[in-house]
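Dumped start_19.cif below, it's mmCIF, C-alpha atoms:
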data_my_file
loop_
_atom_site.group_PDB
_atom_site.id
_atom_site.type_symbol
_atom_site.label_atom_id
_atom_site.label_comp_id
_atom_site.auth_asym_id
_atom_site.auth_seq_id
_atom_site.Cartn_x
_atom_site.Cartn_y
_atom_site.Cartn_z
ATOM 1 C CA MET R 1 -53.871 183.170 -93.593
ATOM 2 C CA ALA R 2 -53.510 183.066 -89.821
ATOM 3 C CA PHE R 3 -49.702 182.796 -89.951
ATOM 4 C CA ASN R 4 -48.075 186.215 -90.050
ATOM 5 C CA HIS R 5 -44.307 186.367 -90.575
ATOM 6 C CA ASN R 6 -43.983 189.597 -88.597
ATOM 7 C CA ASP R 7 -46.069 188.375 -85.652
ATOM 8 C CA HIS R 8 -43.900 185.260 -85.509
ATOM 9 C CA TYR R 9 -40.949 187.478 -84.532
ATOM 10 C CA HIS R 10 -42.679 189.451 -81.754
ATOM 11 C CA PRO R 11 -40.870 187.478 -78.999
ATOM 12 C CA LEU R 12 -37.494 188.184 -80.636
ATOM 13 C CA LEU R 13 -38.321 191.880 -80.911
ATOM 14 C CA THR R 14 -39.478 192.184 -77.306
ATOM 15 C CA ARG R 15 -36.140 190.737 -76.177
ATOM 16 C CA GLN R 16 -34.509 193.821 -77.720
ATOM 17 C CA ILE R 17 -36.337 196.235 -75.365
ATOM 18 C CA PRO R 18 -33.727 197.799 -73.077
ATOM 19 C CA ARG R 19 -34.075 197.374 -69.331
ATOM 20 C CA GLY R 20 -35.947 200.284 -67.771
ATOM 21 C CA ALA R 21 -37.545 201.390 -71.053
ATOM 22 C CA ARG R 22 -40.597 203.601 -70.609
ATOM 23 C CA ARG R 23 -41.469 205.128 -74.007
ATOM 24 C CA ALA R 24 -41.731 203.357 -77.363
ATOM 25 C CA LEU R 25 -42.436 204.277 -80.962
ATOM 26 C CA ASP R 26 -43.823 201.641 -83.319
ATOM 27 C CA VAL R 27 -43.269 202.735 -86.927
ATOM 28 C CA GLY R 28 -45.652 201.281 -89.497
ATOM 29 C CA CYS R 29 -47.861 199.932 -86.714
ATOM 30 C CA GLY R 30 -50.670 198.624 -88.897
ATOM 31 C CA THR R 31 -53.635 197.649 -86.737
ATOM 32 C CA GLY R 32 -51.445 197.758 -83.632
ATOM 33 C CA ARG R 33 -50.613 194.126 -82.921
ATOM 34 C CA PHE R 34 -47.019 194.863 -81.860
ATOM 35 C CA ALA R 35 -47.970 198.192 -80.262
ATOM 36 C CA ARG R 36 -50.338 196.240 -77.994
ATOM 37 C CA THR R 37 -47.484 193.868 -77.118
ATOM 38 C CA LEU R 38 -45.338 196.847 -76.124
ATOM 39 C CA ALA R 39 -48.136 198.428 -74.080
ATOM 40 C CA ALA R 40 -48.726 195.116 -72.284
ATOM 41 C CA ARG R 41 -45.100 195.305 -71.158
ATOM 42 C CA GLY R 42 -45.806 198.651 -69.491
ATOM 43 C CA LEU R 43 -44.441 200.947 -72.193
ATOM 44 C CA ASP R 44 -46.117 204.217 -73.144
ATOM 45 C CA VAL R 45 -46.492 203.694 -76.909
ATOM 46 C CA ASP R 46 -46.783 206.046 -79.856
ATOM 47 C CA ALA R 47 -47.781 204.048 -82.939
ATOM 48 C CA VAL R 48 -47.660 205.617 -86.396
ATOM 49 C CA ASP R 49 -48.859 204.435 -89.787
ATOM 50 C CA PRO R 50 -49.543 206.282 -93.056
ATOM 51 C CA ASP R 51 -52.597 204.114 -93.873
ATOM 52 C CA LYS R 52 -55.779 205.612 -92.431
ATOM 53 C CA ALA R 53 -57.758 202.354 -92.697
ATOM 54 C CA VAL R 54 -55.366 200.431 -90.450
ATOM 55 C CA ILE R 55 -55.113 203.296 -87.948
ATOM 56 C CA ASP R 56 -58.920 203.451 -87.802
ATOM 57 C CA ALA R 57 -58.982 199.694 -87.110
ATOM 58 C CA ALA R 58 -56.211 199.862 -84.485
ATOM 59 C CA THR R 59 -57.066 199.154 -80.862
ATOM 60 C CA GLY R 60 -55.312 198.973 -77.539
ATOM 61 C CA GLN R 61 -55.044 200.759 -74.192
ATOM 62 C CA GLY R 62 -52.042 202.958 -73.453
ATOM 63 C CA ILE R 63 -51.321 203.547 -77.136
ATOM 64 C CA ARG R 64 -51.457 206.835 -78.991
ATOM 65 C CA TYR R 65 -52.222 205.975 -82.623
ATOM 66 C CA ILE R 66 -51.025 208.531 -85.143
ATOM 67 C CA HIS R 67 -52.053 208.653 -88.786
ATOM 68 C CA GLY R 68 -48.894 210.079 -90.334
ATOM 69 C CA ASP R 69 -45.837 209.719 -92.507
ATOM 70 C CA ILE R 70 -42.693 208.975 -90.499
ATOM 71 C CA THR R 71 -40.546 210.632 -93.188
ATOM 72 C CA THR R 72 -42.153 214.041 -92.554
ATOM 73 C CA MET R 73 -42.982 213.816 -88.841
ATOM 74 C CA GLU R 74 -41.124 215.952 -86.336
ATOM 75 C CA LEU R 75 -39.729 213.483 -83.801
ATOM 76 C CA GLU R 76 -38.541 214.879 -80.484
ATOM 77 C CA PRO R 77 -34.811 214.166 -80.037
ATOM 78 C CA GLY R 78 -34.062 211.602 -77.325
ATOM 79 C CA ARG R 79 -37.746 210.856 -76.645
ATOM 80 C CA TYR R 80 -37.906 207.080 -77.074
ATOM 81 C CA ASP R 81 -36.240 204.206 -75.247
ATOM 82 C CA TYR R 82 -37.329 201.738 -77.925
ATOM 83 C CA ILE R 83 -38.269 202.202 -81.571
ATOM 84 C CA SER R 84 -39.600 199.314 -83.634
ATOM 85 C CA CYS R 85 -40.145 198.988 -87.369
ATOM 86 C CA LEU R 86 -41.812 195.711 -88.359
ATOM 87 C CA ALA R 87 -41.612 195.202 -92.120
ATOM 88 C CA SER R 88 -42.113 198.929 -92.588
ATOM 89 C CA LEU R 89 -38.672 200.408 -93.223
ATOM 90 C CA HIS R 90 -38.648 199.229 -96.846
ATOM 91 C CA HIS R 91 -41.745 201.410 -97.464
ATOM 92 C CA VAL R 92 -39.699 204.584 -96.906
ATOM 93 C CA PRO R 93 -36.215 205.807 -97.834
ATOM 94 C CA PHE R 94 -33.676 203.874 -95.771
ATOM 95 C CA ASP R 95 -32.057 207.061 -94.490
ATOM 96 C CA THR R 96 -35.216 207.585 -92.414
ATOM 97 C CA VAL R 97 -33.157 205.739 -89.784
ATOM 98 C CA ARG R 98 -31.308 209.042 -89.194
ATOM 99 C CA ALA R 99 -34.445 210.603 -87.704
ATOM 100 C CA LEU R 100 -35.196 207.424 -85.750
ATOM 101 C CA ARG R 101 -31.648 207.344 -84.366
ATOM 102 C CA ALA R 102 -31.975 210.983 -83.258
ATOM 103 C CA ALA R 103 -35.265 210.173 -81.500
ATOM 104 C CA LEU R 104 -33.603 207.505 -79.332
ATOM 105 C CA ALA R 105 -32.806 208.314 -75.714
ATOM 106 C CA PRO R 106 -29.291 207.403 -74.504
ATOM 107 C CA GLY R 107 -29.208 203.617 -74.268
ATOM 108 C CA GLY R 108 -32.345 203.392 -76.410
ATOM 109 C CA VAL R 109 -32.703 200.655 -79.022
ATOM 110 C CA LEU R 110 -33.869 200.773 -82.619
ATOM 111 C CA ALA R 111 -35.127 197.331 -83.666
ATOM 112 C CA VAL R 112 -35.989 196.753 -87.310
ATOM 113 C CA LEU R 113 -37.605 193.573 -88.541
ATOM 114 C CA GLY R 114 -36.815 194.234 -92.169
ATOM 115 C CA CYS R 115 -37.432 192.753 -95.571
ATOM 116 C CA TYR R 116 -34.804 192.578 -98.305
ATOM 117 C CA ARG R 117 -34.709 191.782 -102.008
ATOM 118 C CA ALA R 118 -32.938 188.484 -102.634
ATOM 119 C CA SER R 119 -29.842 188.818 -104.831
ATOM 120 C CA ALA R 120 -26.970 186.801 -103.337
ATOM 121 C CA PRO R 121 -26.648 183.002 -103.239
ATOM 122 C CA SER R 122 -27.055 183.066 -99.443
ATOM 123 C CA ASP R 123 -30.356 184.958 -99.879
ATOM 124 C CA TYR R 124 -31.692 182.256 -102.176
ATOM 125 C CA LEU R 125 -30.539 179.539 -99.780
ATOM 126 C CA PHE R 126 -32.498 181.142 -96.949
ATOM 127 C CA ASP R 127 -35.493 181.508 -99.296
ATOM 128 C CA LEU R 128 -35.359 177.780 -100.039
ATOM 129 C CA LEU R 129 -35.196 176.942 -96.332
ATOM 130 C CA ALA R 130 -38.116 179.247 -95.599
ATOM 131 C CA ILE R 131 -40.503 177.641 -98.094
ATOM 132 C CA PRO R 132 -41.100 174.324 -96.259
ATOM 133 C CA ALA R 133 -41.004 176.041 -92.851
ATOM 134 C CA ASN R 134 -43.593 178.553 -94.069
ATOM 135 C CA ALA R 135 -45.827 175.754 -95.385
ATOM 136 C CA ALA R 136 -45.562 173.873 -92.082
ATOM 137 C CA MET R 137 -46.489 176.961 -90.054
ATOM 138 C CA ARG R 138 -49.482 177.688 -92.270
ATOM 139 C CA LEU R 139 -50.678 174.071 -92.022
ATOM 140 C CA ALA R 140 -50.336 174.151 -88.249
ATOM 141 C CA LEU R 141 -52.584 177.212 -88.084
ATOM 142 C CA ILE R 142 -55.359 176.064 -90.424
ATOM 143 C CA GLY R 143 -58.701 177.061 -89.012
ATOM 144 C CA ARG R 144 -57.462 180.057 -87.070
ATOM 145 C CA PRO R 145 -58.943 183.366 -88.177
ATOM 146 C CA ALA R 146 -56.891 185.729 -90.322
ATOM 147 C CA PRO R 147 -56.837 189.441 -89.467
ATOM 148 C CA GLU R 148 -59.765 191.355 -90.970
ATOM 149 C CA VAL R 149 -57.765 194.466 -91.858
ATOM 150 C CA ASP R 150 -54.112 194.318 -92.790
ATOM 151 C CA ALA R 151 -51.593 196.928 -93.824
ATOM 152 C CA PRO R 152 -50.579 197.404 -97.461
ATOM 153 C CA VAL R 153 -47.635 195.332 -98.681
ATOM 154 C CA THR R 154 -44.716 196.634 -100.768
ATOM 155 C CA ALA R 155 -41.877 194.581 -102.219
ATOM 156 C CA PRO R 156 -38.466 195.562 -100.818
ATOM 157 C CA SER R 157 -36.075 197.283 -103.223
ATOM 158 C CA MET R 158 -32.821 197.000 -101.233
ATOM 159 C CA THR R 159 -30.738 193.830 -101.217
ATOM 160 C CA SER R 160 -29.409 192.433 -97.957
ATOM 161 C CA GLU R 161 -25.935 193.711 -98.884
ATOM 162 C CA GLU R 162 -27.274 197.215 -99.568
ATOM 163 C CA VAL R 163 -29.054 197.185 -96.198
ATOM 164 C CA ARG R 164 -25.804 196.174 -94.466
ATOM 165 C CA ARG R 165 -23.782 198.848 -96.248
ATOM 166 C CA GLU R 166 -26.267 201.681 -95.626
ATOM 167 C CA ALA R 167 -26.869 200.649 -92.034
ATOM 168 C CA ALA R 168 -23.127 200.571 -91.278
ATOM 169 C CA THR R 169 -22.845 204.150 -92.551
ATOM 170 C CA LEU R 170 -25.949 205.576 -90.866
ATOM 171 C CA LEU R 171 -25.920 203.542 -87.643
ATOM 172 C CA PRO R 172 -22.344 202.977 -86.431
ATOM 173 C CA GLY R 173 -22.189 199.808 -84.347
ATOM 174 C CA VAL R 174 -25.349 198.349 -85.889
ATOM 175 C CA ARG R 175 -25.945 194.597 -85.719
ATOM 176 C CA ILE R 176 -27.799 192.765 -88.482
ATOM 177 C CA ARG R 177 -28.890 189.154 -88.358
ATOM 178 C CA ARG R 178 -30.592 187.273 -91.188
ATOM 179 C CA LEU R 179 -33.783 185.484 -90.166
ATOM 180 C CA LEU R 180 -35.980 182.846 -91.717
ATOM 181 C CA PHE R 181 -39.201 183.935 -93.453
ATOM 182 C CA TRP R 182 -37.572 186.550 -95.684
ATOM 183 C CA ARG R 183 -36.586 188.903 -92.856
ATOM 184 C CA TYR R 184 -33.570 190.367 -91.071
ATOM 185 C CA LEU R 185 -33.202 191.845 -87.604
ATOM 186 C CA LEU R 186 -31.336 195.137 -87.373
ATOM 187 C CA THR R 187 -30.540 196.436 -83.886
ATOM 188 C CA PHE R 188 -28.858 199.669 -82.941
ATOM 189 C CA GLN R 189 -28.299 201.035 -79.433
ATOM 190 C CA ALA R 190 -27.819 204.772 -78.915
ATOM 191 C CA GLN R 191 -24.882 205.914 -76.832
#
This structure in structure tokens:
Amino acid sequence: MAFNHNDHYHPLLTRQIPRGARRALDVGCGTGRFARTLAARGLDVDAVDPDKAVIDAATGQGIRYIHGDITTMELEPGRYDYISCLASLHHVPFDTVRALRAALAPGGVLAVLGCYRASAPSDYLFDLLAIPANAAMRLALIGRPAPEVDAPVTAPSMTSEEVRREAATLLPGVRIRRLLFWRYLLTFQAQ
């Protein structure tokens, strides 16, 4: 399908880039669609993904693609002004955000477009609202080509409440906003 839930939120995620940002890390970059968006905005981008096939298919100028596991990588403290995770955080232990937080420069922003496991009535309400909106978006894009190579998909294990609780502990001052299309936006700014 041509409609990609994560791509739909690229404009929202780019609005989270702090003014004056120069270096970015895109975690779980897949074939580099969002990394290319960041590079087009003048950022020097490191893009990491554990799947060799998607890294091999990744393209884009001004991007350093890294085949690696973010949970075992040595990230330089204070290196990045912006770190993005698009539907990738649920593939690793949630406390990976500790290392990401440490890699943020002062004033840097961690932006997570995350997936959660529905469990609360409000989750199911949002799911119901997303179904017709999802169908409409897919119908509107009929005939457009789908990506040839896509990253592996994993179902999220954490509920939205668990994400909120863990994030509040690991990222003091974090903001979380529920989004349509089975996603949330988590933003954290380093002091």
Counting only C-alpha atoms, which of R:Arg36, R:His5, R:Arg164, R:Arg178 gets nearest to Tyr65 of chain R?
R:Arg36
For Leu13 of chain R, find every residue with an atom within 10 Å (counting only C-alpha atoms), except residues of its own chain fewer than 5 positions away, and show them as a PyMOL selection string.
chain R and resi 6-8+34+38+84-86+111-113+185+187
Give me, please, the distance in Å between atom CA of Leu75 of chain R and atom CA of Thr154 of chain R, quoted to one decimal.
24.4 Å
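The residues caught by the PyMOL selection byres ((chain R and resi 28-33) around 7) in this file are Asp26, Val27, Phe34, Ala35, Arg36, Thr37, Ala47, Val48, Asp49, Val54, Ile55, Ala57, Ala58, Thr59, Cys85, Leu86, Ser88, Asp150 and Ala151 of chain R.
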Could you jot down the atom CA of Ala167 of chain R to atom CA of Arg183 of chain R separation for me, Å, one decimal place?
15.3 Å
To one decimal place in Å, what is the distance between atom CA of Leu100 of chain R and atom CA of Pro50 of chain R?
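Atom CA of Leu100 of chain R sits 16.1 Å away from atom CA of Pro50 of chain R.
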The PyMOL selection byres ((chain R and resi 157-163) around 8) - which residues does that actually catch in the file I just gave you? List them as a ChimeraX atom specification.
/R:90,116-119,123,155-156,164-167
Just the selected residues (C-alpha atoms), exported as a PDB file, in the coordinates of the input, please.
ATOM      1  CA  HIS R  90     -38.648 199.229 -96.846  1.00  0.00           C
ATOM      2  CA  TYR R 116     -34.804 192.578 -98.305  1.00  0.00           C
ATOM      3  CA  ARG R 117     -34.709 191.782-102.008  1.00  0.00           C
ATOM      4  CA  ALA R 118     -32.938 188.484-102.634  1.00  0.00           C
ATOM      5  CA  SER R 119     -29.842 188.818-104.831  1.00  0.00           C
ATOM      6  CA  ASP R 123     -30.356 184.958 -99.879  1.00  0.00           C
ATOM      7  CA  ALA R 155     -41.877 194.581-102.219  1.00  0.00           C
ATOM      8  CA  PRO R 156     -38.466 195.562-100.818  1.00  0.00           C
ATOM      9  CA  ARG R 164     -25.804 196.174 -94.466  1.00  0.00           C
ATOM     10  CA  ARG R 165     -23.782 198.848 -96.248  1.00  0.00           C
ATOM     11  CA  GLU R 166     -26.267 201.681 -95.626  1.00  0.00           C
ATOM     12  CA  ALA R 167     -26.869 200.649 -92.034  1.00  0.00           C
TER      13      ALA R 167
END
Measuring atom to atom with all atoms listed in the file, identify which of R:Gly60, R:Tyr9, R:His91, R:Leu104 is nearest to Leu180 of chain R.
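Checking each candidate against Leu180 of chain R, we get R:Tyr9 as the closest.
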Which residue, R:Leu186, R:Cys115, R:Leu128, R:Ala103, has the smallest gap to Ala168 of chain R when you use all atoms listed in the file?
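Closest to Ala168 of chain R, using all atoms listed in the file: R:Leu186.
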Given all atoms listed in the file as the counted atoms, nearest of R:Ser122, R:Glu76, R:Ala40, R:Gly114 to Val92 of chain R
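Closest residue, counting all atoms listed in the file: R:Gly114.
Closest to Arg23 of chain R among R:Ala140, R:Met73, R:Ala105, R:Ala53 is R:Ala105, based on only C-alpha atoms.
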Residue nearest Gly173 of chain R - candidates R:Ala136, R:Leu110, R:Leu129, R:Ala102, atoms counted: all atoms listed in the file:
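Closest residue, counting all atoms listed in the file: R:Leu110.
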How big is the axis-aligned box, and where does its centre sit, when it encloses all atoms of segment 16-29 of chain R listed in the file and has 5 Å added on every side, reported in Å to one decimal as JSON?
{"center_x": -40.8, "center_y": 199.5, "center_z": -78.6, "size_x": 24.1, "size_y": 21.3, "size_z": 31.7}
Enumerate, as a list in words, the residues matched when the PyMOL selection byres ((chain R and resi 171) around 8) is run on the file above.
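Those residues are Val97, Arg98, Arg101, Ala167, Ala168, Thr169, Leu170, Pro172, Gly173, Val174 and Phe188 of chain R.
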